[in-house]
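First up is the structure itself, then whatever we jot down about it.
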Amino acid sequence: MSTETSQDRLEVLASIWAGNARATSNEFFELYKDDPDAARLAGYEVEALRTAAAKVARTGYGIPLATRLPLAQWARRLELDMEDKRVSVRTSREVERMINVGRTAPPVVSGFPASVVSEAVRRLTERNADLSKLAHRSPRPARWRQAPSAKLLWAPVIAADEAEVAIVAILSATRGEWLFSLSSKSRMYTHSRHGWAKNEEDRTYVAGLSDIIDTVGGVIESHRGGGGRVYLTRHVVQCAECRLVIASIEEPYTTGPKAVGRCSASRRR
Ligand SMILES: [Zn+2]
């Protein structure tokens, strides 16, 4: 537990501010002693204060670096950082839980041989190693058997072995058809509703964990021109908005209706 008091933090706040403004801490207290933003900022951990201050100073916001660090922007930046941290922590716990279910409850990944499931769990554990970065982990590179192109007569084909398909099953919050969504900020997540998960707390971000899911993120982006939902099955990826097949896995999908051009369903946020 931290033993810092709010007064200590105010002192640190003043020194960070003064360091940035090339001013004195006294000036800070003079200017901001009754400022509600200063009181808000003093409620945060020192490390978080420093990180947010550095970000505000770096981006500048059109403010010369050697002037006062604007408290309201500092506080806003800090709140965004805290929200990111909450999303990371919640997401990493949820992914860990899913890996454990995959490891201990084979029915979740029924139909896959035990050796495939254990390989899937091994890859997931390795990719999930840095939990702190989960909310903002970079997607894995797209993996194609046949990449999207104007000449392609069928939906593009994603390259994936059975263990990668089992990973999709483990990471999905829905059964049978595995639903995943691309957020408006181009981040793939899973959620237990078949509708749209508007609230952050209903989303589990899964970028960087699966070759298939990350490749599908790019497919949704070009099909939808933004975010959208997809159903994955073992063999095809179907747009959940227009119901057309937008990609297949390992084998070309040549038999049924597939997406040609952009999605006809409406945009979502
Ligand atoms: Zn569509």
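Ordering of the structure tokens sets the chain letters (A, B, ...), residue numbers begin anew at 1 in every chain, and ligands are numbered from 1 in the order given.
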
List as JSON lines every residue of chain A that is in contact with ligand 1, defined as an atom at most 12 Å from one of its atoms (using only C-alpha atoms and all ligand atoms), together with the nearest atom pair and the distance in Å rounded to one decimal, sorted by chain and then rising number.
{"residue": "A:Val219", "atom": "CA", "partner": "ligand 1", "partner_atom_place_in_ligand_line": "1 (Zn)", "distance": 10.4}
{"residue": "A:Ile220", "atom": "CA", "partner": "ligand 1", "partner_atom_place_in_ligand_line": "1 (Zn)", "distance": 8.1}
{"residue": "A:Glu221", "atom": "CA", "partner": "ligand 1", "partner_atom_place_in_ligand_line": "1 (Zn)", "distance": 10.4}
{"residue": "A:Ser222", "atom": "CA", "partner": "ligand 1", "partner_atom_place_in_ligand_line": "1 (Zn)", "distance": 10.1}
{"residue": "A:His223", "atom": "CA", "partner": "ligand 1", "partner_atom_place_in_ligand_line": "1 (Zn)", "distance": 6.5}
{"residue": "A:Arg224", "atom": "CA", "partner": "ligand 1", "partner_atom_place_in_ligand_line": "1 (Zn)", "distance": 6.3}
{"residue": "A:Gly225", "atom": "CA", "partner": "ligand 1", "partner_atom_place_in_ligand_line": "1 (Zn)", "distance": 10.0}
{"residue": "A:Gly226", "atom": "CA", "partner": "ligand 1", "partner_atom_place_in_ligand_line": "1 (Zn)", "distance": 10.9}
{"residue": "A:Gly227", "atom": "CA", "partner": "ligand 1", "partner_atom_place_in_ligand_line": "1 (Zn)", "distance": 10.5}
{"residue": "A:Gly228", "atom": "CA", "partner": "ligand 1", "partner_atom_place_in_ligand_line": "1 (Zn)", "distance": 8.0}
{"residue": "A:Arg229", "atom": "CA", "partner": "ligand 1", "partner_atom_place_in_ligand_line": "1 (Zn)", "distance": 8.5}
{"residue": "A:Val230", "atom": "CA", "partner": "ligand 1", "partner_atom_place_in_ligand_line": "1 (Zn)", "distance": 8.5}
{"residue": "A:Tyr231", "atom": "CA", "partner": "ligand 1", "partner_atom_place_in_ligand_line": "1 (Zn)", "distance": 10.9}
{"residue": "A:Val237", "atom": "CA", "partner": "ligand 1", "partner_atom_place_in_ligand_line": "1 (Zn)", "distance": 10.6}
{"residue": "A:Gln238", "atom": "CA", "partner": "ligand 1", "partner_atom_place_in_ligand_line": "1 (Zn)", "distance": 7.9}
{"residue": "A:Cys239", "atom": "CA", "partner": "ligand 1", "partner_atom_place_in_ligand_line": "1 (Zn)", "distance": 4.6}
{"residue": "A:Ala240", "atom": "CA", "partner": "ligand 1", "partner_atom_place_in_ligand_line": "1 (Zn)", "distance": 6.6}
{"residue": "A:Glu241", "atom": "CA", "partner": "ligand 1", "partner_atom_place_in_ligand_line": "1 (Zn)", "distance": 4.9}
{"residue": "A:Cys242", "atom": "CA", "partner": "ligand 1", "partner_atom_place_in_ligand_line": "1 (Zn)", "distance": 3.9}
{"residue": "A:Arg243", "atom": "CA", "partner": "ligand 1", "partner_atom_place_in_ligand_line": "1 (Zn)", "distance": 6.2}
{"residue": "A:Leu244", "atom": "CA", "partner": "ligand 1", "partner_atom_place_in_ligand_line": "1 (Zn)", "distance": 6.1}
{"residue": "A:Val245", "atom": "CA", "partner": "ligand 1", "partner_atom_place_in_ligand_line": "1 (Zn)", "distance": 8.2}
{"residue": "A:Ile246", "atom": "CA", "partner": "ligand 1", "partner_atom_place_in_ligand_line": "1 (Zn)", "distance": 7.6}
{"residue": "A:Ala247", "atom": "CA", "partner": "ligand 1", "partner_atom_place_in_ligand_line": "1 (Zn)", "distance": 11.3}
{"residue": "A:Pro257", "atom": "CA", "partner": "ligand 1", "partner_atom_place_in_ligand_line": "1 (Zn)", "distance": 11.7}
{"residue": "A:Lys258", "atom": "CA", "partner": "ligand 1", "partner_atom_place_in_ligand_line": "1 (Zn)", "distance": 9.6}
{"residue": "A:Ala259", "atom": "CA", "partner": "ligand 1", "partner_atom_place_in_ligand_line": "1 (Zn)", "distance": 7.0}
{"residue": "A:Val260", "atom": "CA", "partner": "ligand 1", "partner_atom_place_in_ligand_line": "1 (Zn)", "distance": 9.4}
{"residue": "A:Gly261", "atom": "CA", "partner": "ligand 1", "partner_atom_place_in_ligand_line": "1 (Zn)", "distance": 9.3}
{"residue": "A:Arg262", "atom": "CA", "partner": "ligand 1", "partner_atom_place_in_ligand_line": "1 (Zn)", "distance": 7.1}
{"residue": "A:Cys263", "atom": "CA", "partner": "ligand 1", "partner_atom_place_in_ligand_line": "1 (Zn)", "distance": 3.8}
{"residue": "A:Ser264", "atom": "CA", "partner": "ligand 1", "partner_atom_place_in_ligand_line": "1 (Zn)", "distance": 6.0}
{"residue": "A:Ala265", "atom": "CA", "partner": "ligand 1", "partner_atom_place_in_ligand_line": "1 (Zn)", "distance": 6.0}
{"residue": "A:Ser266", "atom": "CA", "partner": "ligand 1", "partner_atom_place_in_ligand_line": "1 (Zn)", "distance": 8.9}
{"residue": "A:Arg267", "atom": "CA", "partner": "ligand 1", "partner_atom_place_in_ligand_line": "1 (Zn)", "distance": 9.9}
{"residue": "A:Arg268", "atom": "CA", "partner": "ligand 1", "partner_atom_place_in_ligand_line": "1 (Zn)", "distance": 11.7}

Keeping only N, CA and C atoms, write the selected residues to a file as a short mmCIF file (atom, residue, chain, number, x, y, z; two decimals), in the first residue's frame.
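This is the output file part-v2.cif:
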data_model
loop_
_atom_site.label_atom_id
_atom_site.label_comp_id
_atom_site.auth_asym_id
_atom_site.auth_seq_id
_atom_site.Cartn_x
_atom_site.Cartn_y
_atom_site.Cartn_z
N VAL A 219 -10.14 -7.74 -42.85
CA VAL A 219 -11.20 -8.07 -43.81
C VAL A 219 -12.46 -7.25 -43.49
N ILE A 220 -12.80 -7.18 -42.22
CA ILE A 220 -13.99 -6.40 -41.82
C ILE A 220 -13.79 -4.94 -42.22
N GLU A 221 -12.59 -4.43 -41.92
CA GLU A 221 -12.30 -3.04 -42.21
C GLU A 221 -12.53 -2.71 -43.68
N SER A 222 -12.03 -3.58 -44.58
CA SER A 222 -12.20 -3.25 -45.99
C SER A 222 -13.62 -3.54 -46.48
N HIS A 223 -14.27 -4.55 -45.88
CA HIS A 223 -15.65 -4.86 -46.30
C HIS A 223 -16.63 -3.81 -45.79
N ARG A 224 -16.42 -3.37 -44.54
CA ARG A 224 -17.38 -2.47 -43.90
C ARG A 224 -16.98 -1.00 -44.01
N GLY A 225 -15.72 -0.75 -44.32
CA GLY A 225 -15.23 0.62 -44.28
C GLY A 225 -15.23 1.14 -42.85
N GLY A 226 -15.04 0.24 -41.90
CA GLY A 226 -15.05 0.61 -40.47
C GLY A 226 -15.36 -0.61 -39.63
N GLY A 227 -15.94 -0.40 -38.46
CA GLY A 227 -16.22 -1.50 -37.54
C GLY A 227 -17.36 -2.39 -38.02
N GLY A 228 -17.50 -3.55 -37.40
CA GLY A 228 -18.59 -4.46 -37.73
C GLY A 228 -18.43 -5.78 -37.01
N ARG A 229 -19.47 -6.64 -37.15
CA ARG A 229 -19.44 -7.94 -36.47
C ARG A 229 -19.30 -9.06 -37.49
N VAL A 230 -18.65 -10.14 -37.08
CA VAL A 230 -18.56 -11.32 -37.95
C VAL A 230 -18.86 -12.59 -37.17
N TYR A 231 -19.39 -13.57 -37.88
CA TYR A 231 -19.47 -14.93 -37.36
C TYR A 231 -18.35 -15.73 -38.00
N VAL A 237 -15.90 -17.15 -42.80
CA VAL A 237 -16.10 -15.93 -42.01
C VAL A 237 -17.26 -15.19 -42.67
N GLN A 238 -18.32 -14.99 -41.88
CA GLN A 238 -19.53 -14.41 -42.44
C GLN A 238 -19.78 -13.05 -41.80
N CYS A 239 -20.04 -12.04 -42.63
CA CYS A 239 -20.39 -10.72 -42.08
C CYS A 239 -21.72 -10.86 -41.34
N ALA A 240 -21.75 -10.46 -40.07
CA ALA A 240 -22.98 -10.61 -39.29
C ALA A 240 -23.99 -9.52 -39.65
N GLU A 241 -23.56 -8.54 -40.42
CA GLU A 241 -24.47 -7.44 -40.79
C GLU A 241 -25.22 -7.78 -42.09
N CYS A 242 -24.49 -8.24 -43.12
CA CYS A 242 -25.15 -8.53 -44.40
C CYS A 242 -25.25 -10.04 -44.66
N ARG A 243 -24.66 -10.84 -43.79
CA ARG A 243 -24.74 -12.30 -43.86
C ARG A 243 -23.97 -12.94 -45.02
N LEU A 244 -23.19 -12.18 -45.75
CA LEU A 244 -22.41 -12.77 -46.83
C LEU A 244 -21.07 -13.28 -46.31
N VAL A 245 -20.52 -14.26 -47.00
CA VAL A 245 -19.21 -14.79 -46.64
C VAL A 245 -18.13 -13.80 -47.13
N ILE A 246 -17.28 -13.37 -46.21
CA ILE A 246 -16.26 -12.37 -46.59
C ILE A 246 -14.84 -12.95 -46.61
N ALA A 247 -14.68 -14.16 -46.07
CA ALA A 247 -13.38 -14.85 -46.14
C ALA A 247 -13.61 -16.31 -45.80
N PRO A 257 -23.22 -17.66 -51.73
CA PRO A 257 -23.11 -16.21 -51.89
C PRO A 257 -21.97 -15.64 -51.07
N LYS A 258 -21.17 -14.83 -51.72
CA LYS A 258 -20.06 -14.20 -51.03
C LYS A 258 -20.12 -12.69 -51.26
N ALA A 259 -19.39 -11.98 -50.44
CA ALA A 259 -19.43 -10.52 -50.53
C ALA A 259 -18.69 -10.06 -51.77
N VAL A 260 -19.31 -9.18 -52.49
CA VAL A 260 -18.63 -8.52 -53.60
C VAL A 260 -18.66 -7.03 -53.30
N GLY A 261 -17.52 -6.45 -53.12
CA GLY A 261 -17.46 -5.03 -52.78
C GLY A 261 -17.85 -4.79 -51.32
N ARG A 262 -18.32 -3.57 -51.11
CA ARG A 262 -18.59 -3.12 -49.75
C ARG A 262 -19.88 -3.68 -49.17
N CYS A 263 -19.92 -3.73 -47.85
CA CYS A 263 -21.10 -4.19 -47.12
C CYS A 263 -22.27 -3.26 -47.40
N SER A 264 -23.45 -3.87 -47.57
CA SER A 264 -24.63 -3.06 -47.84
C SER A 264 -25.33 -2.63 -46.55
N ALA A 265 -24.98 -3.28 -45.43
CA ALA A 265 -25.64 -2.94 -44.14
C ALA A 265 -25.09 -1.61 -43.62
N SER A 266 -25.86 -1.00 -42.74
CA SER A 266 -25.51 0.35 -42.30
C SER A 266 -24.28 0.36 -41.39
N ARG A 267 -23.69 1.53 -41.29
CA ARG A 267 -22.53 1.73 -40.41
C ARG A 267 -22.98 1.69 -38.97
N ARG A 268 -22.05 1.23 -38.11
CA ARG A 268 -22.32 1.28 -36.67
C ARG A 268 -21.17 1.97 -35.99
#

Please identify every residue of segment 33-126 of chain A that has at least one atom no farther than 10 Å from an atom of segment 170-177 of chain A, counting only C-alpha atoms, and for each give the shortest atom pair and the distance in Å to one decimal, arranged by chain then increasing number, as a Markdown table.
| residue | atom | partner | partner_atom | distance |
| --- | --- | --- | --- | --- |
| A:Glu94 | CA | A:Leu171 | CA | 9.5 |
| A:Val95 | CA | A:Leu171 | CA | 7.2 |
| A:Glu96 | CA | A:Leu171 | CA | 9.9 |
| A:Arg97 | CA | A:Leu171 | CA | 9.8 |
| A:Met98 | CA | A:Ile170 | CA | 6.2 |
| A:Ile99 | CA | A:Ile170 | CA | 6.7 |
| A:Asn100 | CA | A:Ile170 | CA | 9.3 |
| A:Val101 | CA | A:Ile170 | CA | 7.7 |
| A:Gly102 | CA | A:Ile170 | CA | 5.7 |
| A:Arg103 | CA | A:Ile170 | CA | 9.2 |
| A:Pro106 | CA | A:Ile170 | CA | 9.8 |
| A:Val108 | CA | A:Ile170 | CA | 7.0 |
| A:Val109 | CA | A:Ile170 | CA | 6.6 |
| A:Val117 | CA | A:Ile170 | CA | 9.0 |
| A:Ala120 | CA | A:Ile170 | CA | 8.5 |
| A:Val121 | CA | A:Ile170 | CA | 8.5 |
| A:Leu124 | CA | A:Ile170 | CA | 9.3 |

### Task
Compare A:Ser110, A:Ser15, A:Ser210, A:Thr51 by their minimum atom-to-atom distance to Arg77 of chain A, counting only C-alpha atoms, and give me the closest one.
A:Thr51

### Selection: 8 Å around segment 147-163 of chain A, only C-alpha atoms, excl. self and same-chain fewer than 2 positions, as a ChimeraX atom specification
/A:112,116-117,119-120,143-145,165-167,211-212,215,245-254,258-259

Export of prior selection with C-alpha atoms as a compact mmCIF listing (two decimals), in the first residue's frame:
# COMPACT_ATOMS: atom_id res chain seq x y z
CA PHE A 112 -10.71 -30.83 -31.71
CA VAL A 116 -4.62 -29.66 -31.11
CA VAL A 117 -6.21 -28.10 -28.01
CA GLU A 119 -1.06 -26.72 -28.91
CA ALA A 120 -3.70 -23.94 -29.03
CA ARG A 143 -1.89 -14.65 -42.83
CA TRP A 144 -3.17 -15.50 -46.28
CA ARG A 145 -3.50 -18.62 -48.35
CA VAL A 165 -9.09 -22.57 -35.36
CA ALA A 166 -9.14 -24.01 -31.82
CA ILE A 167 -7.75 -20.66 -30.58
CA ASP A 211 -3.78 -15.24 -36.60
CA ILE A 212 -7.36 -15.75 -37.80
CA THR A 215 -6.54 -11.24 -40.23
CA VAL A 245 -19.21 -14.79 -46.64
CA ILE A 246 -16.26 -12.37 -46.59
CA ALA A 247 -13.38 -14.85 -46.14
CA SER A 248 -12.74 -18.54 -45.75
CA ILE A 249 -10.20 -20.54 -43.78
CA GLU A 250 -7.63 -22.74 -45.55
CA GLU A 251 -9.95 -23.80 -48.41
CA PRO A 252 -11.47 -21.40 -50.99
CA TYR A 253 -15.20 -20.87 -50.54
CA THR A 254 -16.57 -21.16 -54.04
CA LYS A 258 -20.06 -14.20 -51.03
CA ALA A 259 -19.43 -10.52 -50.53

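Excluding Met82 of chain A itself and any same-chain residue fewer than 4 positions from it, the protein and nucleic acid residues within 12 Å of it, counting only C-alpha atoms, are Tyr44, Glu45, Glu47, Ala48, Leu49, Thr51, Ala52, Ala75, Arg76, Arg77, Leu78, Arg86, Val87, Ser88 and Val89 of chain A.
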
Given the selection you just returned, output its residues as a file containing N, CA and C atoms, formatted as a PDB file, in the first residue's frame.
ATOM      1  N   TYR A  44      -4.209  11.047  -7.681  1.00  0.00           N
ATOM      2  CA  TYR A  44      -3.611   9.941  -8.447  1.00  0.00           C
ATOM      3  C   TYR A  44      -2.209   9.602  -7.974  1.00  0.00           C
ATOM      4  N   GLU A  45      -1.780   8.389  -8.294  1.00  0.00           N
ATOM      5  CA  GLU A  45      -0.430   7.935  -7.983  1.00  0.00           C
ATOM      6  C   GLU A  45       0.602   8.787  -8.742  1.00  0.00           C
ATOM      7  N   GLU A  47       3.417   7.991 -10.176  1.00  0.00           N
ATOM      8  CA  GLU A  47       3.886   7.427 -11.439  1.00  0.00           C
ATOM      9  C   GLU A  47       2.917   7.767 -12.576  1.00  0.00           C
ATOM     10  N   ALA A  48       1.605   7.649 -12.279  1.00  0.00           N
ATOM     11  CA  ALA A  48       0.582   7.946 -13.277  1.00  0.00           C
ATOM     12  C   ALA A  48       0.603   9.435 -13.632  1.00  0.00           C
ATOM     13  N   LEU A  49       0.845  10.276 -12.629  1.00  0.00           N
ATOM     14  CA  LEU A  49       0.941  11.726 -12.857  1.00  0.00           C
ATOM     15  C   LEU A  49       2.079  12.042 -13.819  1.00  0.00           C
ATOM     16  N   THR A  51       3.609  10.041 -15.993  1.00  0.00           N
ATOM     17  CA  THR A  51       3.361   9.521 -17.339  1.00  0.00           C
ATOM     18  C   THR A  51       2.437  10.443 -18.111  1.00  0.00           C
ATOM     19  N   ALA A  52       1.345  10.840 -17.461  1.00  0.00           N
ATOM     20  CA  ALA A  52       0.368  11.697 -18.141  1.00  0.00           C
ATOM     21  C   ALA A  52       0.979  13.068 -18.455  1.00  0.00           C
ATOM     22  N   ALA A  75      -5.277  16.358 -16.416  1.00  0.00           N
ATOM     23  CA  ALA A  75      -6.243  15.510 -15.717  1.00  0.00           C
ATOM     24  C   ALA A  75      -7.002  14.611 -16.704  1.00  0.00           C
ATOM     25  N   ARG A  76      -7.353  15.168 -17.860  1.00  0.00           N
ATOM     26  CA  ARG A  76      -8.074  14.407 -18.880  1.00  0.00           C
ATOM     27  C   ARG A  76      -7.206  13.253 -19.397  1.00  0.00           C
ATOM     28  N   ARG A  77      -5.935  13.573 -19.684  1.00  0.00           N
ATOM     29  CA  ARG A  77      -4.993  12.563 -20.161  1.00  0.00           C
ATOM     30  C   ARG A  77      -4.861  11.435 -19.132  1.00  0.00           C
ATOM     31  N   LEU A  78      -4.782  11.823 -17.880  1.00  0.00           N
ATOM     32  CA  LEU A  78      -4.634  10.862 -16.802  1.00  0.00           C
ATOM     33  C   LEU A  78      -5.848   9.951 -16.696  1.00  0.00           C
ATOM     34  N   ARG A  86      -7.647   0.112 -16.812  1.00  0.00           N
ATOM     35  CA  ARG A  86      -8.776  -0.722 -16.370  1.00  0.00           C
ATOM     36  C   ARG A  86      -9.169  -1.732 -17.453  1.00  0.00           C
ATOM     37  N   VAL A  87      -9.219  -1.255 -18.710  1.00  0.00           N
ATOM     38  CA  VAL A  87      -9.573  -2.150 -19.821  1.00  0.00           C
ATOM     39  C   VAL A  87      -8.525  -3.267 -19.923  1.00  0.00           C
ATOM     40  N   SER A  88      -7.239  -2.902 -19.811  1.00  0.00           N
ATOM     41  CA  SER A  88      -6.169  -3.909 -19.896  1.00  0.00           C
ATOM     42  C   SER A  88      -6.303  -4.969 -18.816  1.00  0.00           C
ATOM     43  N   VAL A  89      -6.522  -4.516 -17.586  1.00  0.00           N
ATOM     44  CA  VAL A  89      -6.580  -5.447 -16.466  1.00  0.00           C
ATOM     45  C   VAL A  89      -7.784  -6.377 -16.613  1.00  0.00           C
TER      46      VAL A  89
END

### Task
Taking the chain letters and numbering used in this document, name the residues of segment 74-260 of chain A that DSSP puts in helix (DSSP H, G or I), as an MDAnalysis selection string.
chainID A and resid 74:104 106:109 114:127 131:136 162:171 200:202 211:224

#### Entry: Distance criterion (only C-alpha atoms): nearest to Asp202 of chain A out of A:Arg90, A:His235, A:Arg187, A:Arg140
A:Arg90
